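Have a look at the structure below before the remarks.
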Amino acid sequence: MKFILTLHTSTDWDSTGRIKGQTDISLSLQGKAEAEKLTKLLSGLGINLIVSSDLKRASETAEIINALLRAPLRFESRLRECSFGSLEGLTKQQAIEKYGSSLTQILEDQYHAYDFRAFGGEHREGVLARHIEVLKELADGKPDNVILLLGHYRGMCTLLAGLGHLPDLKRGEYRIIEYNSC
């Protein structure tokens, strides 16, 4: 099965450096324009199903993409970003000032061994497990499907690393991966 992984586009919190996590915020005007540009990149890839995180910034990106692609669209809560708990809404600097400099390494680790449970959030293994569950369920469908998975930076980088791919996906890009659930 072929999966195409991409990320939601920009929000106002991106421009202020706020930690989003599972806080449900919408795209900015810039994000809407970025989604239209991303649609053009994705348009010739034969996508026949779009599965997106149900958070607004991802679902709005998916809806903009789907206005052109016209593929079936599903929203999936398991593709949500990692929960950062009480860190959400803070900038990285505010979080470090509030909780100490030891937080720096955890925030910088985008996919390897992060753990935000001490702040009421999630750890890497939980995020990876959610994303893998979605892949396995979708892979049980038609093997010739080309599925666009639309999610969030830390979640998608964790998934890529967990599958043995380079976890370097950036906004406005996509990665094509072949996945066999066996």
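A note on labels: chains of the structure tokens are A, B, ... as shown, every chain counts residues from 1, and ligands are counted from 1 in their shown order.
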Practice task
Write out as JSON, numbers by chain which residues come within 12 Å of Gly164 of chain A when counting only C-alpha atoms, dropping same-chain ones fewer than 6 positions away.
Solution key: {"A": [111, 112, 157, 158, 177, 178, 179]}
Residues of the last selection are to be written out with C-alpha atoms, as a compact mmCIF listing (two decimals), in the first residue's frame.
```txt
# COMPACT_ATOMS: atom_id res chain seq x y z
CA TYR A 111 10.83 11.87 17.22
CA HIS A 112 13.25 9.73 19.25
CA CYS A 157 8.23 12.50 12.17
CA THR A 158 7.71 9.91 14.92
CA ILE A 177 6.12 5.40 1.71
CA GLU A 178 5.24 1.84 0.82
CA TYR A 179 3.73 0.03 3.78
```
Handout entry: Residues flagged alpha helix (DSSP H) by DSSP in segment 1-137 of chain A, as a PyMOL selection string
Key = chain A and resi 12-16+29-42+56-69+92-99+103-108+124-137
Residues from last step as file, C-alpha atoms, as an mmCIF file, in the first residue's frame:
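Final output, saved to result.cif:
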```cif
data_model
loop_
_atom_site.group_PDB
_atom_site.id
_atom_site.type_symbol
_atom_site.label_atom_id
_atom_site.label_comp_id
_atom_site.auth_asym_id
_atom_site.auth_seq_id
_atom_site.Cartn_x
_atom_site.Cartn_y
_atom_site.Cartn_z
ATOM 1 C CA ASP A 12 -1.083 32.100 13.877
ATOM 2 C CA TRP A 13 0.590 30.179 16.722
ATOM 3 C CA ASP A 14 3.420 29.210 14.369
ATOM 4 C CA SER A 15 4.338 32.854 13.871
ATOM 5 C CA THR A 16 4.467 33.400 17.652
ATOM 6 C CA LEU A 29 -4.544 33.179 6.092
ATOM 7 C CA GLN A 30 -0.978 32.224 5.202
ATOM 8 C CA GLY A 31 -1.814 28.597 6.040
ATOM 9 C CA LYS A 32 -4.789 28.620 3.690
ATOM 10 C CA ALA A 33 -2.586 29.902 0.856
ATOM 11 C CA GLU A 34 0.046 27.269 1.692
ATOM 12 C CA ALA A 35 -2.641 24.552 1.528
ATOM 13 C CA GLU A 36 -3.617 25.655 -1.974
ATOM 14 C CA LYS A 37 0.038 25.484 -3.042
ATOM 15 C CA LEU A 38 0.384 22.028 -1.438
ATOM 16 C CA THR A 39 -2.688 20.868 -3.359
ATOM 17 C CA LYS A 40 -0.891 21.546 -6.632
ATOM 18 C CA LEU A 41 2.070 19.401 -5.498
ATOM 19 C CA LEU A 42 -0.241 16.526 -4.599
ATOM 20 C CA LYS A 56 -8.894 22.104 12.882
ATOM 21 C CA ARG A 57 -5.534 23.041 11.418
ATOM 22 C CA ALA A 58 -5.217 19.607 9.782
ATOM 23 C CA SER A 59 -8.874 19.170 8.817
ATOM 24 C CA GLU A 60 -8.966 22.640 7.228
ATOM 25 C CA THR A 61 -5.807 21.804 5.250
ATOM 26 C CA ALA A 62 -7.401 18.509 4.149
ATOM 27 C CA GLU A 63 -10.609 20.230 3.058
ATOM 28 C CA ILE A 64 -8.682 22.745 0.945
ATOM 29 C CA ILE A 65 -6.710 19.919 -0.676
ATOM 30 C CA ASN A 66 -9.858 17.892 -1.216
ATOM 31 C CA ALA A 67 -11.635 20.757 -2.980
ATOM 32 C CA LEU A 68 -9.390 19.926 -5.956
ATOM 33 C CA LEU A 69 -8.661 16.216 -5.476
ATOM 34 C CA LYS A 92 9.377 27.148 24.203
ATOM 35 C CA GLN A 93 11.086 29.930 26.148
ATOM 36 C CA GLN A 94 8.085 30.345 28.481
ATOM 37 C CA ALA A 95 7.955 26.578 29.051
ATOM 38 C CA ILE A 96 11.668 26.456 29.915
ATOM 39 C CA GLU A 97 11.342 29.442 32.256
ATOM 40 C CA LYS A 98 8.361 27.818 33.981
ATOM 41 C CA TYR A 99 9.621 24.211 34.193
ATOM 42 C CA LEU A 103 12.869 20.665 29.329
ATOM 43 C CA THR A 104 15.049 21.924 26.445
ATOM 44 C CA GLN A 105 16.213 18.451 25.417
ATOM 45 C CA ILE A 106 12.693 16.978 25.586
ATOM 46 C CA LEU A 107 11.289 19.779 23.407
ATOM 47 C CA GLU A 108 14.106 19.470 20.868
ATOM 48 C CA ARG A 124 6.754 8.820 22.005
ATOM 49 C CA GLU A 125 5.584 5.215 22.196
ATOM 50 C CA GLY A 126 1.945 6.242 22.622
ATOM 51 C CA VAL A 127 2.107 8.647 19.686
ATOM 52 C CA LEU A 128 3.774 6.037 17.478
ATOM 53 C CA ALA A 129 1.265 3.340 18.477
ATOM 54 C CA ARG A 130 -1.702 5.562 17.517
ATOM 55 C CA HIS A 131 -0.231 6.320 14.100
ATOM 56 C CA ILE A 132 0.736 2.691 13.413
ATOM 57 C CA GLU A 133 -2.815 1.550 14.304
ATOM 58 C CA VAL A 134 -4.166 3.825 11.572
ATOM 59 C CA LEU A 135 -1.670 2.501 9.011
ATOM 60 C CA LYS A 136 -2.493 -1.116 9.835
ATOM 61 C CA GLU A 137 -6.238 -0.553 9.532
#
```
Give one line per residue of segment 64-141 of chain A that approaches segment 44-54 of chain A to at most 8 Å, naming the two atoms of the closest pair and their distance in Å to one decimal, counting only C-alpha atoms; sort by chain then ascending residue number and deliver it as JSON lines.
```
{"residue": "A:Asn66", "atom": "CA", "partner": "A:Ile50", "partner_atom": "CA", "distance": 7.8}
{"residue": "A:Leu69", "atom": "CA", "partner": "A:Ile47", "partner_atom": "CA", "distance": 7.6}
{"residue": "A:Ala71", "atom": "CA", "partner": "A:Asn48", "partner_atom": "CA", "distance": 5.2}
{"residue": "A:Pro72", "atom": "CA", "partner": "A:Leu49", "partner_atom": "CA", "distance": 5.1}
{"residue": "A:Leu73", "atom": "CA", "partner": "A:Ile50", "partner_atom": "CA", "distance": 4.8}
{"residue": "A:Arg74", "atom": "CA", "partner": "A:Val51", "partner_atom": "CA", "distance": 4.8}
{"residue": "A:Phe75", "atom": "CA", "partner": "A:Ser52", "partner_atom": "CA", "distance": 4.9}
{"residue": "A:Glu76", "atom": "CA", "partner": "A:Ser53", "partner_atom": "CA", "distance": 5.0}
{"residue": "A:Ser77", "atom": "CA", "partner": "A:Asp54", "partner_atom": "CA", "distance": 5.3}
{"residue": "A:Arg78", "atom": "CA", "partner": "A:Ser53", "partner_atom": "CA", "distance": 7.0}
{"residue": "A:Leu79", "atom": "CA", "partner": "A:Ser53", "partner_atom": "CA", "distance": 4.6}
{"residue": "A:Arg80", "atom": "CA", "partner": "A:Ser53", "partner_atom": "CA", "distance": 5.1}
```
Put those residues in a file: C-alpha atoms, as an mmCIF file, in the first residue's frame.
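Contents of out-v3.cif, as written:
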```cif
data_model
loop_
_atom_site.group_PDB
_atom_site.id
_atom_site.type_symbol
_atom_site.label_atom_id
_atom_site.label_comp_id
_atom_site.auth_asym_id
_atom_site.auth_seq_id
_atom_site.Cartn_x
_atom_site.Cartn_y
_atom_site.Cartn_z
ATOM 1 C CA ASN A 66 -9.858 17.892 -1.216
ATOM 2 C CA LEU A 69 -8.661 16.216 -5.476
ATOM 3 C CA ALA A 71 -11.255 11.971 -2.948
ATOM 4 C CA PRO A 72 -13.172 10.457 -0.032
ATOM 5 C CA LEU A 73 -12.114 12.290 3.144
ATOM 6 C CA ARG A 74 -11.978 10.822 6.657
ATOM 7 C CA PHE A 75 -11.040 12.484 9.917
ATOM 8 C CA GLU A 76 -9.068 10.409 12.396
ATOM 9 C CA SER A 77 -8.399 11.420 16.009
ATOM 10 C CA ARG A 78 -5.471 8.972 16.241
ATOM 11 C CA LEU A 79 -3.535 11.184 13.789
ATOM 12 C CA ARG A 80 -3.596 14.083 16.248
#
```
